[in-house]
>>> print(open('data_25.cif').read())   # mmCIF, C-alpha atoms and all ligand atoms
data_model
loop_
_atom_site.label_atom_id
_atom_site.label_comp_id
_atom_site.auth_asym_id
_atom_site.auth_seq_id
_atom_site.Cartn_x
_atom_site.Cartn_y
_atom_site.Cartn_z
CA MET A 1 0.00 0.00 0.00
CA VAL A 2 1.71 3.09 -1.22
CA TYR A 3 -0.01 6.39 -0.63
CA LYS A 4 2.88 8.75 -1.07
CA ARG A 5 5.63 8.80 -3.67
CA GLU A 6 8.22 11.34 -4.71
CA PHE A 7 10.21 11.34 -7.90
CA ILE A 8 11.54 13.37 -10.76
CA VAL A 9 9.63 13.69 -14.02
CA LYS A 10 11.24 14.76 -17.26
CA GLY A 11 9.69 15.66 -20.56
CA GLY A 12 11.42 14.16 -23.62
CA TRP A 13 14.02 16.12 -25.55
CA GLY A 14 12.89 17.70 -28.77
CA GLY A 15 14.31 15.99 -31.87
CA GLU A 16 17.04 17.65 -33.89
CA GLY A 17 16.20 19.55 -37.06
CA CYS A 18 17.44 17.93 -40.25
CA VAL A 19 19.98 19.28 -42.75
CA SER A 20 19.11 18.04 -46.21
CA PHE A 21 18.88 19.24 -49.82
CA ARG A 22 16.61 18.15 -52.58
CA ARG A 23 18.45 15.91 -54.98
CA GLU A 24 16.34 14.87 -57.86
CA LYS A 25 17.00 14.01 -61.44
CA ARG A 26 15.35 17.13 -62.71
CA ALA A 27 16.53 19.35 -59.83
CA PRO A 28 20.11 18.36 -59.01
CA PHE A 29 20.61 21.46 -56.88
CA GLY A 30 17.23 21.70 -55.25
CA GLY A 31 16.77 23.85 -52.20
CA PRO A 32 17.13 22.86 -48.55
CA ASP A 33 14.39 20.46 -47.44
CA GLY A 34 15.39 19.33 -43.92
CA GLY A 35 12.31 18.94 -41.70
CA ASP A 36 11.89 19.99 -38.08
CA GLY A 37 12.55 17.62 -35.20
CA GLY A 38 9.49 16.23 -33.40
CA GLY A 39 8.60 17.55 -29.96
CA GLY A 40 9.48 15.52 -26.86
CA GLY A 41 6.70 13.60 -25.13
CA ASN A 42 5.02 14.92 -21.98
CA VAL A 43 4.85 13.18 -18.64
CA VAL A 44 1.15 13.00 -17.85
CA ILE A 45 -0.36 11.99 -14.52
CA LYS A 46 -3.87 10.61 -14.95
CA ALA A 47 -6.55 9.48 -12.50
CA ASP A 48 -7.96 5.97 -12.88
CA SER A 49 -10.93 4.90 -10.79
CA ASN A 50 -9.74 1.28 -10.69
CA LEU A 51 -6.73 2.06 -8.56
CA VAL A 52 -6.52 2.55 -4.80
CA ASP A 53 -2.83 3.20 -4.32
CA LEU A 54 0.41 4.08 -6.08
CA LYS A 55 2.08 0.70 -6.09
CA LEU A 56 1.66 0.33 -9.85
CA LEU A 57 4.28 3.02 -10.29
CA SER A 58 7.56 1.24 -10.17
CA ARG A 59 10.20 2.10 -7.61
CA LYS A 60 12.10 4.25 -10.09
CA LYS A 61 13.35 7.64 -8.94
CA GLU A 62 12.97 9.23 -12.32
CA PHE A 63 10.36 9.00 -15.06
CA ALA A 64 11.11 10.40 -18.49
CA ALA A 65 8.92 10.61 -21.58
CA GLU A 66 10.24 9.63 -24.98
CA ASP A 67 12.45 12.03 -26.94
CA GLY A 68 11.20 13.51 -30.19
CA HIS A 69 12.60 12.01 -33.41
CA ARG A 70 14.93 13.80 -35.83
CA GLY A 71 13.47 15.69 -38.72
CA GLU A 72 13.81 14.08 -42.15
CA SER A 73 14.38 15.15 -45.69
CA SER A 74 11.48 16.34 -47.86
CA ARG A 75 10.57 18.68 -45.01
CA LYS A 76 9.24 15.73 -43.05
CA ARG A 77 8.78 16.55 -39.41
CA GLY A 78 10.24 14.02 -36.97
CA LYS A 79 7.82 11.87 -34.99
CA ARG A 80 6.71 13.33 -31.70
CA GLY A 81 7.98 11.49 -28.63
CA GLU A 82 5.33 9.35 -26.88
CA ASP A 83 3.79 10.74 -23.72
CA LEU A 84 4.50 8.81 -20.57
CA VAL A 85 1.16 8.35 -18.81
CA MET A 86 1.30 7.49 -15.14
CA SER A 87 -1.98 6.12 -13.76
CA VAL A 88 -2.89 7.04 -10.21
CA PRO A 89 -6.03 6.64 -8.07
CA VAL A 90 -8.81 9.22 -8.11
CA GLY A 91 -8.04 11.47 -5.15
CA THR A 92 -4.34 11.88 -5.87
CA THR A 93 -2.89 15.30 -5.23
CA VAL A 94 0.13 16.27 -7.30
CA PHE A 95 2.61 18.65 -5.73
CA SER A 96 5.52 20.20 -7.44
CA GLY A 97 8.49 21.34 -5.50
CA ALA A 98 11.89 21.12 -4.04
CA LYS A 99 12.81 18.16 -1.89
CA SER A 100 12.94 20.46 1.11
CA GLY A 101 9.18 20.25 1.49
CA GLN A 102 8.45 23.56 -0.23
CA GLU A 103 5.69 22.19 -2.37
CA THR A 104 3.04 23.84 -4.44
CA LEU A 105 -0.15 22.15 -5.53
CA LEU A 106 -0.10 21.31 -9.20
CA ALA A 107 -3.37 19.39 -9.36
CA ASP A 108 -5.94 17.53 -7.31
CA LEU A 109 -7.23 14.74 -9.53
CA THR A 110 -10.75 14.26 -8.24
CA ALA A 111 -12.43 12.47 -11.14
CA SER A 112 -11.56 9.46 -13.22
CA GLY A 113 -9.83 10.47 -16.44
CA GLU A 114 -8.66 13.84 -15.10
CA GLU A 115 -5.02 14.48 -15.92
CA VAL A 116 -2.22 16.96 -15.53
CA VAL A 117 0.95 17.47 -17.56
CA ALA A 118 3.67 17.17 -14.94
CA ALA A 119 6.56 17.79 -17.32
CA LYS A 120 6.37 19.18 -20.83
CA GLY A 121 8.34 17.77 -23.72
CA GLY A 122 10.98 20.01 -25.32
CA ARG A 123 10.40 21.62 -28.72
CA GLY A 124 11.96 20.06 -31.77
CA GLY A 125 14.74 21.92 -33.57
CA LEU A 126 14.04 23.61 -36.90
CA GLY A 127 15.13 21.87 -40.08
CA ASN A 128 17.44 23.67 -42.48
CA ALA A 129 14.53 24.37 -44.84
CA ARG A 130 13.53 27.06 -42.35
CA PHE A 131 16.86 28.82 -42.47
CA ALA A 132 16.84 29.58 -46.20
CA THR A 133 17.00 33.30 -46.98
CA SER A 134 17.60 35.25 -50.16
CA VAL A 135 21.29 35.54 -49.26
CA ASN A 136 21.79 32.06 -47.94
CA GLN A 137 19.88 29.71 -50.15
CA ALA A 138 21.70 26.63 -49.01
CA PRO A 139 21.90 26.80 -45.21
CA GLU A 140 23.88 24.01 -43.58
CA THR A 141 22.41 24.75 -40.19
CA ALA A 142 19.52 23.19 -38.35
CA GLY A 143 18.20 23.75 -34.85
CA LYS A 144 18.93 21.52 -31.90
CA GLY A 145 16.02 20.10 -29.94
CA GLN A 146 15.17 21.72 -26.61
CA PRO A 147 15.33 19.78 -23.36
CA GLY A 148 12.00 18.84 -21.82
CA GLY A 149 10.81 20.32 -18.54
CA LYS A 150 12.05 18.71 -15.37
CA ARG A 151 10.29 18.70 -12.08
CA TYR A 152 10.32 17.12 -8.67
CA VAL A 153 6.83 15.85 -7.88
CA VAL A 154 5.20 14.50 -4.78
CA LEU A 155 2.05 12.39 -5.15
CA GLU A 156 -0.29 11.79 -2.27
CA VAL A 157 -3.45 9.72 -2.31
CA LYS A 158 -6.53 10.47 -0.29
CA LEU A 159 -9.34 8.51 -1.88
CA ILE A 160 -12.51 10.37 -2.71
CA THR A 161 -15.56 8.45 -1.61
CA ASP A 162 -19.13 9.13 -0.65
CA ILE A 163 -19.44 6.52 2.06
CA CYS A 164 -16.82 4.76 4.21
CA ILE A 165 -17.58 1.57 6.10
CA ILE A 166 -15.53 1.48 9.25
CA GLY A 167 -15.47 -1.18 11.93
CA ALA A 168 -13.58 -3.70 13.99
CA PRO A 169 -11.91 -6.63 12.20
CA SER A 170 -14.42 -9.33 11.20
CA SER A 171 -17.45 -7.12 11.83
CA GLY A 172 -18.62 -7.89 8.29
CA LYS A 173 -17.44 -4.86 6.27
CA SER A 174 -16.45 -6.92 3.24
CA THR A 175 -19.67 -8.90 3.42
CA LEU A 176 -21.67 -5.68 3.47
CA LEU A 177 -19.71 -4.16 0.60
CA SER A 178 -20.26 -7.31 -1.47
CA ALA A 179 -23.97 -7.24 -0.65
CA ILE A 180 -24.46 -3.69 -1.90
CA SER A 181 -21.98 -3.42 -4.76
CA ARG A 182 -20.13 -5.48 -7.33
CA ALA A 183 -16.91 -5.30 -5.32
CA ARG A 184 -15.71 -8.76 -4.28
CA PRO A 185 -13.29 -8.35 -1.40
CA GLU A 186 -12.12 -11.49 0.34
CA ILE A 187 -14.35 -12.55 3.21
CA ALA A 188 -13.02 -14.69 6.03
CA ASP A 189 -13.51 -15.26 9.72
CA TYR A 190 -10.03 -14.17 10.71
CA PRO A 191 -9.18 -10.54 11.53
CA PHE A 192 -7.56 -8.17 9.05
CA THR A 193 -8.63 -10.09 5.97
CA THR A 194 -8.88 -6.78 4.17
CA ARG A 195 -5.53 -5.06 4.29
CA GLN A 196 -6.18 -2.15 2.04
CA PRO A 197 -9.23 -0.07 1.19
CA VAL A 198 -11.64 -1.64 -1.26
CA LEU A 199 -13.94 0.43 -3.41
CA GLY A 200 -17.41 -0.40 -4.67
CA VAL A 201 -20.17 1.55 -6.33
CA VAL A 202 -23.85 1.69 -5.32
CA SER A 203 -26.52 3.49 -7.24
CA ASP A 204 -29.93 4.88 -6.38
CA GLY A 205 -30.85 4.88 -10.05
CA ARG A 206 -30.02 8.57 -10.45
CA ARG A 207 -26.38 8.67 -9.48
CA ASP A 208 -23.50 6.50 -8.34
CA PHE A 209 -21.98 6.57 -4.89
CA VAL A 210 -18.49 5.33 -4.20
CA VAL A 211 -18.35 3.19 -1.07
CA ALA A 212 -15.11 2.18 0.57
CA GLU A 213 -14.31 -0.53 3.07
CA ILE A 214 -11.55 0.70 5.33
CA PRO A 215 -9.40 -2.03 6.96
CA GLY A 216 -10.40 -2.99 10.50
CA LEU A 217 -9.78 -0.61 13.38
CA VAL A 218 -8.92 -1.80 16.86
CA ALA A 219 -8.53 0.06 20.16
CA GLY A 220 -5.23 1.90 20.06
CA ALA A 221 -5.07 2.01 16.25
CA HIS A 222 -3.98 5.66 16.49
CA ARG A 223 -0.95 4.41 18.42
CA GLY A 224 -0.20 1.83 15.75
CA LYS A 225 -2.15 -1.17 17.12
CA GLY A 226 -3.41 -3.66 14.56
CA LEU A 227 -2.90 -2.19 11.12
CA GLY A 228 -2.73 1.28 12.64
CA ASN A 229 -4.94 4.14 11.55
CA GLU A 230 -3.15 5.37 8.44
CA PHE A 231 -6.10 4.16 6.39
CA LEU A 232 -8.24 6.82 7.97
CA ARG A 233 -6.59 9.28 5.63
CA HIS A 234 -8.99 7.82 3.07
CA ALA A 235 -11.94 8.76 5.24
CA GLU A 236 -10.87 12.41 5.26
CA ARG A 237 -12.62 13.05 1.97
CA THR A 238 -15.75 10.97 2.48
CA ARG A 239 -19.21 12.32 3.13
CA LEU A 240 -20.55 9.71 5.50
CA LEU A 241 -19.10 7.17 7.90
CA ILE A 242 -20.95 3.94 8.59
CA TYR A 243 -19.85 2.37 11.85
CA LEU A 244 -20.37 -1.34 11.38
CA LEU A 245 -20.61 -3.28 14.64
CA ASP A 246 -20.47 -7.02 15.10
CA GLY A 247 -23.73 -7.82 16.91
CA SER A 248 -22.26 -11.11 18.14
CA SER A 249 -19.46 -9.36 19.97
CA PRO A 250 -20.04 -9.64 23.73
CA THR A 251 -18.85 -6.05 24.04
CA VAL A 252 -20.89 -4.63 21.19
CA ILE A 253 -21.88 -1.51 23.13
CA ASP A 254 -18.31 -0.71 24.14
CA ASP A 255 -17.15 -1.49 20.60
CA LEU A 256 -18.98 1.59 19.41
CA GLY A 257 -17.15 3.72 21.96
CA THR A 258 -13.81 2.24 20.91
CA LEU A 259 -14.47 3.01 17.27
CA ASP A 260 -15.65 6.50 18.00
CA LYS A 261 -12.53 7.20 20.05
CA GLU A 262 -10.28 6.16 17.18
CA ILE A 263 -12.25 8.31 14.77
CA ALA A 264 -12.26 11.29 17.11
CA SER A 265 -8.49 11.11 17.47
CA TYR A 266 -7.99 11.43 13.74
CA LYS A 267 -8.01 14.94 12.31
CA ASP A 268 -11.46 16.21 11.30
CA LEU A 269 -13.33 12.93 11.22
CA ALA A 270 -15.23 13.67 14.40
CA HIS A 271 -17.49 16.12 12.56
CA LYS A 272 -18.44 13.85 9.68
CA PRO A 273 -22.03 12.62 9.40
CA LYS A 274 -22.29 9.13 10.86
CA MET A 275 -24.56 6.12 10.95
CA VAL A 276 -24.42 2.96 13.01
CA ALA A 277 -25.23 -0.54 11.72
CA VAL A 278 -25.36 -3.53 14.03
CA ASN A 279 -24.56 -6.58 11.91
CA LYS A 280 -25.13 -10.35 12.10
CA MET A 281 -28.77 -10.06 13.18
CA ASP A 282 -29.41 -13.47 11.58
CA LEU A 283 -27.68 -15.16 14.52
CA LEU A 284 -30.09 -16.35 17.21
CA ALA A 285 -27.73 -15.34 19.98
CA VAL A 286 -27.72 -11.80 18.67
CA GLN A 287 -31.48 -11.70 18.35
CA ALA A 288 -31.77 -12.81 21.94
CA ARG A 289 -29.69 -9.84 23.06
CA LEU A 290 -31.44 -7.37 20.79
CA PRO A 291 -33.62 -5.69 23.45
CA GLN A 292 -30.55 -5.04 25.54
CA ILE A 293 -28.58 -3.66 22.58
CA LYS A 294 -31.50 -1.55 21.44
CA GLU A 295 -32.02 -0.08 24.85
CA HIS A 296 -28.58 1.43 24.70
CA PHE A 297 -28.45 2.39 21.08
CA THR A 298 -31.80 4.19 20.92
CA ARG A 299 -30.20 6.84 23.12
CA LEU A 300 -27.72 7.73 20.41
CA ASP A 301 -28.44 10.76 18.27
CA VAL A 302 -27.39 9.03 15.06
CA PRO A 303 -29.50 6.66 12.94
CA VAL A 304 -29.05 3.01 13.95
CA PHE A 305 -29.82 0.04 11.70
CA TYR A 306 -30.03 -3.63 12.61
CA ILE A 307 -28.89 -5.69 9.68
CA SER A 308 -27.55 -8.97 8.44
CA ALA A 309 -25.04 -8.40 5.68
CA LEU A 310 -25.13 -12.14 5.10
CA SER A 311 -28.89 -12.62 4.65
CA GLY A 312 -29.50 -9.10 3.36
CA ARG A 313 -31.94 -8.17 6.08
CA GLY A 314 -32.11 -4.40 6.61
CA VAL A 315 -29.34 -3.79 4.10
CA LEU A 316 -31.53 -1.97 1.59
CA GLU A 317 -32.85 0.46 4.19
CA LEU A 318 -29.34 1.16 5.40
CA THR A 319 -28.05 1.74 1.90
CA ARG A 320 -30.93 4.03 0.99
CA LYS A 321 -30.47 6.18 4.04
CA ALA A 322 -26.70 6.24 3.50
CA MET A 323 -27.04 7.46 -0.08
CA GLU A 324 -29.56 10.10 0.98
CA THR A 325 -27.28 11.35 3.76
CA ALA A 326 -24.20 11.36 1.55
CA GLU A 327 -26.05 13.33 -1.09
CA GLN A 328 -27.27 15.87 1.46
CA ALA A 329 -23.75 16.18 2.87
CA GLY A 330 -22.52 16.86 -0.65
CA ARG A 331 -25.06 19.63 -1.06
CA ASP A 332 -24.05 21.15 2.28
CA GLU A 333 -20.39 21.07 1.26
CA LYS A 334 -21.24 22.96 -1.91
CA THR A 335 -23.17 25.71 -0.15
CA ILE A 336 -20.33 26.13 2.32
CA SER A 337 -17.67 26.32 -0.36
CA GLN A 338 -19.76 28.67 -2.48
CA SER A 339 -20.42 31.03 0.38
CA GLN A 340 -16.69 31.20 1.04
CA ILE A 341 -15.85 32.42 -2.43
CA THR A 342 -15.22 36.15 -2.53
CA ILE A 343 -15.35 37.75 -5.93
CA PHE A 344 -13.15 40.78 -6.53
CA ARG A 345 -14.33 42.89 -9.39
CA PRO A 346 -12.03 45.56 -10.77
CA LYS A 347 -13.45 49.07 -10.49
CA PRO A 348 -13.88 50.86 -13.81
CA ARG A 349 -11.17 53.46 -14.44
CA LYS A 350 -12.21 57.09 -14.38
N1 LIG B 1 -23.78 -14.80 10.63
C1 LIG B 1 -23.26 -13.77 9.99
N2 LIG B 1 -21.96 -13.76 9.69
C2 LIG B 1 -21.48 -12.69 9.02
C3 LIG B 1 -22.28 -11.61 8.64
N3 LIG B 1 -21.51 -10.69 8.01
C4 LIG B 1 -20.26 -11.21 8.00
N4 LIG B 1 -20.24 -12.42 8.61
C5 LIG B 1 -19.08 -13.29 8.78
O1 LIG B 1 -18.09 -12.63 9.55
C6 LIG B 1 -16.80 -12.98 9.11
C7 LIG B 1 -16.02 -11.73 8.76
O2 LIG B 1 -16.64 -11.11 7.66
P1 LIG B 1 -15.88 -10.07 6.73
O3 LIG B 1 -16.91 -9.50 5.81
O4 LIG B 1 -14.67 -10.66 6.15
O5 LIG B 1 -15.50 -8.99 7.82
P2 LIG B 1 -14.57 -7.70 7.68
O6 LIG B 1 -15.14 -6.68 8.59
O7 LIG B 1 -14.43 -7.33 6.26
O8 LIG B 1 -13.20 -8.23 8.28
P3 LIG B 1 -11.70 -7.70 8.05
O9 LIG B 1 -11.55 -7.40 6.59
O10 LIG B 1 -10.86 -8.85 8.47
O11 LIG B 1 -11.55 -6.51 8.92
C8 LIG B 1 -16.97 -13.90 7.93
O12 LIG B 1 -16.85 -15.23 8.37
C9 LIG B 1 -18.39 -13.61 7.47
O13 LIG B 1 -18.99 -14.70 6.82
C10 LIG B 1 -23.68 -11.64 8.97
O14 LIG B 1 -24.48 -10.75 8.70
N5 LIG B 1 -24.10 -12.75 9.65
MG MG B 2 -12.81 -7.13 5.06
#
>>> encode(input="data_25.cif", output="structure tokens", more="lines below")
Ligand SMILES: Nc1nc2c(ncn2[C@@H]2O[C@H](COP(=O)(O)OP(=O)(O)OP(=O)(O)O)[C@@H](O)[C@H]2O)c(=O)[nH]1
Ligand SMILES: [Mg+2]
Amino acid sequence: MVYKREFIVKGGWGGEGCVSFRREKRAPFGGPDGGDGGGGGNVVIKADSNLVDLKLLSRKKEFAAEDGHRGESSRKRGKRGEDLVMSVPVGTTVFSGAKSGQETLLADLTASGEEVVAAKGGRGGLGNARFATSVNQAPETAGKGQPGGKRYVVLEVKLITDICIIGAPSSGKSTLLSAISRARPEIADYPFTTRQPVLGVVSDGRRDFVVAEIPGLVAGAHRGKGLGNEFLRHAERTRLLIYLLDGSSPTVIDDLGTLDKEIASYKDLAHKPKMVAVNKMDLLAVQARLPQIKEHFTRLDVPVFYISALSGRGVLELTRKAMETAEQAGRDEKTISQSQITIFRPKPRK
């Protein structure tokens, strides 16, 4: 799981211009006809919704696009160098900067297919055909290609999701995600089966919502227990948190407190909209304890659902409410961000 990478990107060199003269049977001393060199390729960073981390990018320290090709005779321009396209997850921020940490934001790739040119290819040199003048009708000179741009970039991934399912190991997060989306994470009865976030998509018929399963959180995750809490970075840009509790846990009521403590200790997650789902209601032992569980949970001021991710009971209601809440949270975000925009209009000159 690689969520941060730093490296150098380099645009390709422009190709050299060509020195050439027309030599034909009927025109033995034809004019200069050397074509321009092709431009160097760009290094492009592009968001791909199928990815969740940066491990596809190899461990290289430097990524360079292809150089442009030399110009050719008959004024033929050299082939442009191929772009080097680096695929990254949606939610990758691209910083440009010195190694010292003085970084400036180049792009925040928030939608699949969005891209940014991180390093431009150099221009190709001019062929000698371009240097012909009335005084010098047979120039022997051609331009050299320019070097491509070079930049130090830092990539950081914070996935963009609508809904994050958070819970203790084995609470049923993968089972729930499989029940509501086409995602097929591994499901098993040992803890930490899921070791990196998994994304799925649910739809209410009008729009799609991206749902993420975040690897299991245990008490002390913020101090590095279990898999730690670094995955919560992916909950920073979600609109709704679903706390999934294992109804068969003897400490189900305390489990909620444990989760909430971990969430509260991580940056701004405390203020996110939340929902609670008590899972595994198909088990008789859980049903027997339901009145006791309910008695406690009805006092909470967040919506609580009693579900079985396995049998599907209550899952539809939970999903519906989650999509509704995420959509509302999205609308609220927009009104906040719009109201913060100040528009400066230049005053007309007198
Ligand atoms: N009876 C019952 N078992 C369930 C239910 N949901 C999940 N399980 C079981 O609980 C175990 C753990 O399920 P997972 O979906 O892998 O749980 P998880 O929260 O993704 O676990 P990690 O990825 O390890 O954190 C599996 O054996 C599931 O079959 C449910 O609603 N009822
Ligand atoms: Mg899982």
>>> closest_residue(input="data_25.cif", among="A:Leu217, A:Val135, A:Ile45, A:Ala107", to="ligand MG 2 (chain B)", atoms="all atoms listed in the file")
A:Leu217
>>> residues_near_point(input="data_25.cif", point="(-19.8, 0.2, 20.0)", cutoff="12 Å", atoms="only C-alpha atoms", output="PyMOL selection string")
chain A and resi 166-168+171+218-219+243-262+275-279+293-294+296-297+300+304
>>> residues_near_ligand(input="data_25.cif", ligand="ligand MG 2 (chain B)", cutoff="7 Å", atoms="all atoms listed in the file", output="ChimeraX atom specification")
/A:170,172-174,185-187,192-194,215
>>> closest_residue(input="data_25.cif", among="A:Gly330, A:Gly12, A:Gly127, A:Gly314", to="ligand LIG 1 (chain B)", atoms="only C-alpha atoms and all ligand atoms")
A:Gly314
>>> atom_distance(input="data_25.cif", atom1="atom CA of A:Glu72", atom2="atom CA of A:Gly37")
7.9 Å
>>> axis_aligned_box(input="data_25.cif", around="ligand LIG 1 (chain B)", padding_each_side="5 Å", output="JSON")
{"center_x": -17.7, "center_y": -10.9, "center_z": 8.2, "size_x": 23.6, "size_y": 18.7, "size_z": 14.8}
>>> closest_atom_pairs(input="data_25.cif", of="stretch 9-63 of chain A", to="stretch 76-84 of chain A", cutoff="8 Å", atoms="only C-alpha atoms", output="CSV")
residue,atom,partner,partner_atom,distance
A:Gly12,CA,A:Gly81,CA,6.6
A:Gly14,CA,A:Gly81,CA,7.9
A:Gly15,CA,A:Gly78,CA,6.8
A:Gly34,CA,A:Lys76,CA,7.2
A:Gly35,CA,A:Lys76,CA,4.6
A:Asp36,CA,A:Arg77,CA,4.8
A:Gly37,CA,A:Gly78,CA,4.6
A:Gly38,CA,A:Gly78,CA,4.3
A:Gly39,CA,A:Arg80,CA,4.9
A:Gly40,CA,A:Gly81,CA,4.7
A:Gly41,CA,A:Gly81,CA,4.3
A:Asn42,CA,A:Asp83,CA,4.7
A:Val43,CA,A:Leu84,CA,4.8
A:Val44,CA,A:Leu84,CA,6.0
>>> residues_around(input="data_25.cif", residues="A:Lys60", least_positions_apart="6", cutoff="10 Å", atoms="all atoms listed in the file", output="VMD selection string")
chain A and resid 6 to 8
